[in-house]
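A short write-up of the structure that comes next.
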Amino acid sequence: MMNTERPARPLHPPHPPRYLALAGPTASGKTAAALAIARVHEVEIISVDSALVYRGMDIGTAKPSAHELAAVPHHLINIRDPLQAYSAAEFVADAQTLIADITARGRLPLLVGGTMLYFKALLEGLDPMPKADPATRALIATEAAEQGWPALHAALAEVDPVSAKRLHPADSQRIARALEVYRLSGQPLSSFQTTKLIATNEDATGAGGQKCLNFPENDRCLISLEPQNRAWLHQRIADRFDAMLVAGFVDEVRALRARGDLQADLPAMRCVGYRQAWQALDGLWPMSELRDKGICATRQLAKRQLTWLRSMQERHVVACDAPDALDQVLALAREFVNARNKLQGQP
């Protein structure tokens with residue numbers, strides 16, 4: 001009989017768990033690069049994607065195929081029903097546990113995805129904020145039904161102008177959360193979202209704000225796939241969305257709607273593509289406009305992702321539209337793995 005028990009983890013490991021991370025905007029080639037790394041190194045992939053956690057959302061999230069999922073162990077994919085929320089704090093807790101477990105199995109954790117809030121939370125930590133309170137949420141929902149969300153957005157602007165400025169007056173989910181946090185803590189949500197700076201040594205910083213490859217001194221390596229030519233990424237986004245439509249994306253959304261328990265304001269249904277398809281099926285615009293609206297929303301997502309990435313000073317940038325992009329990624333991964341093995345006394 002196969003022994004399925006996990007190997008005992010040392011109480012005081014000689015070095016902190018080390019992991020490799022691969023980030024980038026949507027359609028930048030993260031999945032292909034991750035699988036290429038997995039063909040060379042003993043890795044397990046931890047998904048850093050707020051949409052891939054949901055079951056039944058496969059086409060519109062560009063979820064790895066069954067063959068790709070079988071080729072290398074994947075984690076944090078298909079772990080939630082679309083009715084359930086999944087927070088950055090939950091991701092950090094799950095990822096930290098997985099990083100330790102994968103390391104204990106003698107493999108390298110490879111974190112891959114484009115949800116930059118998750119990356120930032122893992123790299124820099126999260127400020128504590130109040131947990132959801134059903135009674136407070138119910139009261140806010142009642143007020144919204146009576147006054148409308150624009151009125152609650154105006155009320156938010158009085159106590160948390162920073163959060164209100166970045167939220168649309170109809171963004172019910174986020175307005176409700178911001179009001180909830182203020183009412184529970186007496187502090188604006190924006191006060192909990194301050195960026196924690198990573199202490200860095202200026203002498204270890206290379207050109208363009210990237211750290212020199214001094215891996216033995218660090219416990220992680222963040223590779224960032226960023227296009228030199230934005231048009232290249234835009235074309236890939238359009239091609240991917242077209243492929244999704246051909247693969248039956250609209251039918252996938254129809255099936256989710258047919259369940260009867262999902263609503264348009266759920267986090268899962270607010271994912272890029274799903275939100276636009278849901279609105280088209282609601283008749284807010286002709287289905288013939290879905291392609292253009294979906295591509296436009298995905299481009300906006302990619303722009304936000306790149307903005308997040310550029311604030312991560314420790315990243316190692318690889319131009320994903322360069323002919324040798326994959327070779328560059330593999331070279332960085334190899335150098336990191338070699339440094340990791342040397343630190344652990346391995347050949």
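The way I read the labels, and the way they are meant: chains A, B, ... in the order of the structure tokens, residue 1 as the first residue of every chain, and ligand 1 as the first ligand shown, with later ones counted on from there.
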
>> Among segment 58-218 of chain A, which ones does DSSP assign to helix (DSSP H, G or I) (computed from the backbone)? Answer as a PyMOL selection string.
In response: chain A and resi 66-71+88-104+116-124+134-147+149-159+161-166+172-185+189-192+202-204+207-209+215-217

Where does segment 221-317 of chain A meet segment 36-59 of chain A within 7 Å, residue by residue, with the nearest atom pair and distance in Å to one decimal for each, counting only C-alpha atoms, listed by chain and rising number, as JSON lines?
```
{"residue": "A:Met244", "atom": "CA", "partner": "A:Ile59", "partner_atom": "CA", "distance": 5.9}
{"residue": "A:Phe249", "atom": "CA", "partner": "A:Ile59", "partner_atom": "CA", "distance": 5.7}
{"residue": "A:Ala268", "atom": "CA", "partner": "A:Ala51", "partner_atom": "CA", "distance": 6.7}
{"residue": "A:Cys271", "atom": "CA", "partner": "A:Ala51", "partner_atom": "CA", "distance": 6.7}
```

For the selection you just gave me, I'd like the residues written to a file as a short mmCIF file (atom, residue, chain, number, x, y, z; two decimals), in the first residue's frame, keeping all heavy atoms.
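That gives us again_25.cif:
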```
data_model
loop_
_atom_site.label_atom_id
_atom_site.label_comp_id
_atom_site.auth_asym_id
_atom_site.auth_seq_id
_atom_site.Cartn_x
_atom_site.Cartn_y
_atom_site.Cartn_z
N MET A 244 -12.34 31.92 -26.93
CA MET A 244 -13.31 31.61 -25.87
C MET A 244 -14.73 31.57 -26.43
O MET A 244 -15.52 30.68 -26.09
CB MET A 244 -13.21 32.67 -24.76
CG MET A 244 -11.97 32.60 -23.92
SD MET A 244 -11.93 33.98 -22.73
CE MET A 244 -10.40 33.62 -21.87
N PHE A 249 -18.11 30.04 -24.66
CA PHE A 249 -18.10 30.86 -23.45
C PHE A 249 -19.50 31.34 -23.08
O PHE A 249 -19.90 31.29 -21.91
CB PHE A 249 -17.16 32.06 -23.64
CG PHE A 249 -17.21 33.06 -22.53
CD1 PHE A 249 -17.09 32.67 -21.20
CD2 PHE A 249 -17.39 34.42 -22.80
CE1 PHE A 249 -17.14 33.59 -20.17
CE2 PHE A 249 -17.43 35.35 -21.78
CZ PHE A 249 -17.31 34.93 -20.46
N ALA A 268 -17.49 36.26 -8.25
CA ALA A 268 -17.21 35.36 -9.36
C ALA A 268 -17.80 35.89 -10.67
O ALA A 268 -17.17 35.82 -11.72
CB ALA A 268 -17.77 33.97 -9.07
N CYS A 271 -16.00 38.82 -12.63
CA CYS A 271 -14.75 38.59 -13.35
C CYS A 271 -14.87 39.12 -14.78
O CYS A 271 -15.94 39.06 -15.39
CB CYS A 271 -14.42 37.10 -13.38
SG CYS A 271 -13.97 36.40 -11.78
#
```

>> So that I can see what lies close to Ala138 of chain A, please list as a list in words the residues with an atom at most 12 Å from it, counting only C-alpha atoms and leaving out residues fewer than 4 positions away in the same chain.
In response: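 Near neighbours after the sequence-gap exclusion: Ala132, Asp133, Pro134, Thr142, Glu143, Ala144, Ala145, Ala176, Arg177, Leu179 and Glu180 of chain A.
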
Just to be explicit: take each residue in the selection above, keep N, CA and C atoms, and write the result as a CSV table (one decimal), in the first residue's frame.
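Contents of again-v9.csv, as written:
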```csv
chain,number,residue,atom,x,y,z
A,132,ALA,N,-16.2,40.3,7.9
A,132,ALA,CA,-17.5,40.6,7.5
A,132,ALA,C,-18.5,40.4,8.7
A,133,ASP,N,-19.5,41.3,8.8
A,133,ASP,CA,-20.5,41.2,9.9
A,133,ASP,C,-21.8,41.2,9.2
A,134,PRO,N,-22.5,40.0,9.3
A,134,PRO,CA,-23.8,39.9,8.7
A,134,PRO,C,-24.8,40.9,9.0
A,142,THR,N,-30.3,47.1,3.3
A,142,THR,CA,-31.7,47.7,3.5
A,142,THR,C,-31.6,49.2,3.1
A,143,GLU,N,-30.6,49.8,3.5
A,143,GLU,CA,-30.4,51.3,3.2
A,143,GLU,C,-30.3,51.4,1.7
A,144,ALA,N,-29.6,50.5,1.0
A,144,ALA,CA,-29.4,50.6,-0.4
A,144,ALA,C,-30.7,50.4,-1.1
A,145,ALA,N,-31.5,49.5,-0.7
A,145,ALA,CA,-32.8,49.3,-1.3
A,145,ALA,C,-33.7,50.5,-1.2
A,176,ALA,N,-20.5,48.7,-0.3
A,176,ALA,CA,-21.0,48.0,0.9
A,176,ALA,C,-19.8,47.6,1.9
A,177,ARG,N,-18.8,47.1,1.3
A,177,ARG,CA,-17.6,46.6,2.1
A,177,ARG,C,-16.9,47.8,2.8
A,179,LEU,N,-18.3,50.8,3.5
A,179,LEU,CA,-19.1,51.3,4.6
A,179,LEU,C,-19.1,50.4,5.8
A,180,GLU,N,-19.1,49.1,5.5
A,180,GLU,CA,-19.1,48.1,6.6
A,180,GLU,C,-17.8,48.2,7.5
```

> Which neighbours of segment 293-297 of chain A fall inside 7 Å, counting only C-alpha atoms, when residues of the same chain fewer than 3 positions from it are skipped, and could you give them as a list in words?
Replying inline: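 What passes the distance filter is Ile237, Ala238, Phe241, Val272, Gly273, Gln276, Glu289, Leu290, Gln300 and Leu301 of chain A.
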
>> Nearest residue to Tyr86 of chain A out of A:Leu123, A:Asn338, A:Arg259, A:Leu266, using only C-alpha atoms?
In response: A:Leu266

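As for atom CA of Arg230 of chain A and atom CA of Lys63 of chain A, they are spaced 23.3 Å apart.
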
Sort by chain and increasing residue number a table of all residues of segment 226-303 of chain A within 12 Å of segment 166-173 of chain A, each with its closest pair of atoms and their distance in Å to one decimal, counting only C-alpha atoms, and write it as JSON lines.
```
{"residue": "A:Gln263", "atom": "CA", "partner": "A:Gln173", "partner_atom": "CA", "distance": 11.7}
{"residue": "A:Ala264", "atom": "CA", "partner": "A:Gln173", "partner_atom": "CA", "distance": 10.5}
{"residue": "A:Asp265", "atom": "CA", "partner": "A:Gln173", "partner_atom": "CA", "distance": 6.7}
{"residue": "A:Leu266", "atom": "CA", "partner": "A:Gln173", "partner_atom": "CA", "distance": 7.8}
{"residue": "A:Pro267", "atom": "CA", "partner": "A:Gln173", "partner_atom": "CA", "distance": 8.2}
{"residue": "A:Ala268", "atom": "CA", "partner": "A:Gln173", "partner_atom": "CA", "distance": 11.8}
{"residue": "A:Met269", "atom": "CA", "partner": "A:Gln173", "partner_atom": "CA", "distance": 11.8}
{"residue": "A:Arg270", "atom": "CA", "partner": "A:Gln173", "partner_atom": "CA", "distance": 9.9}
```
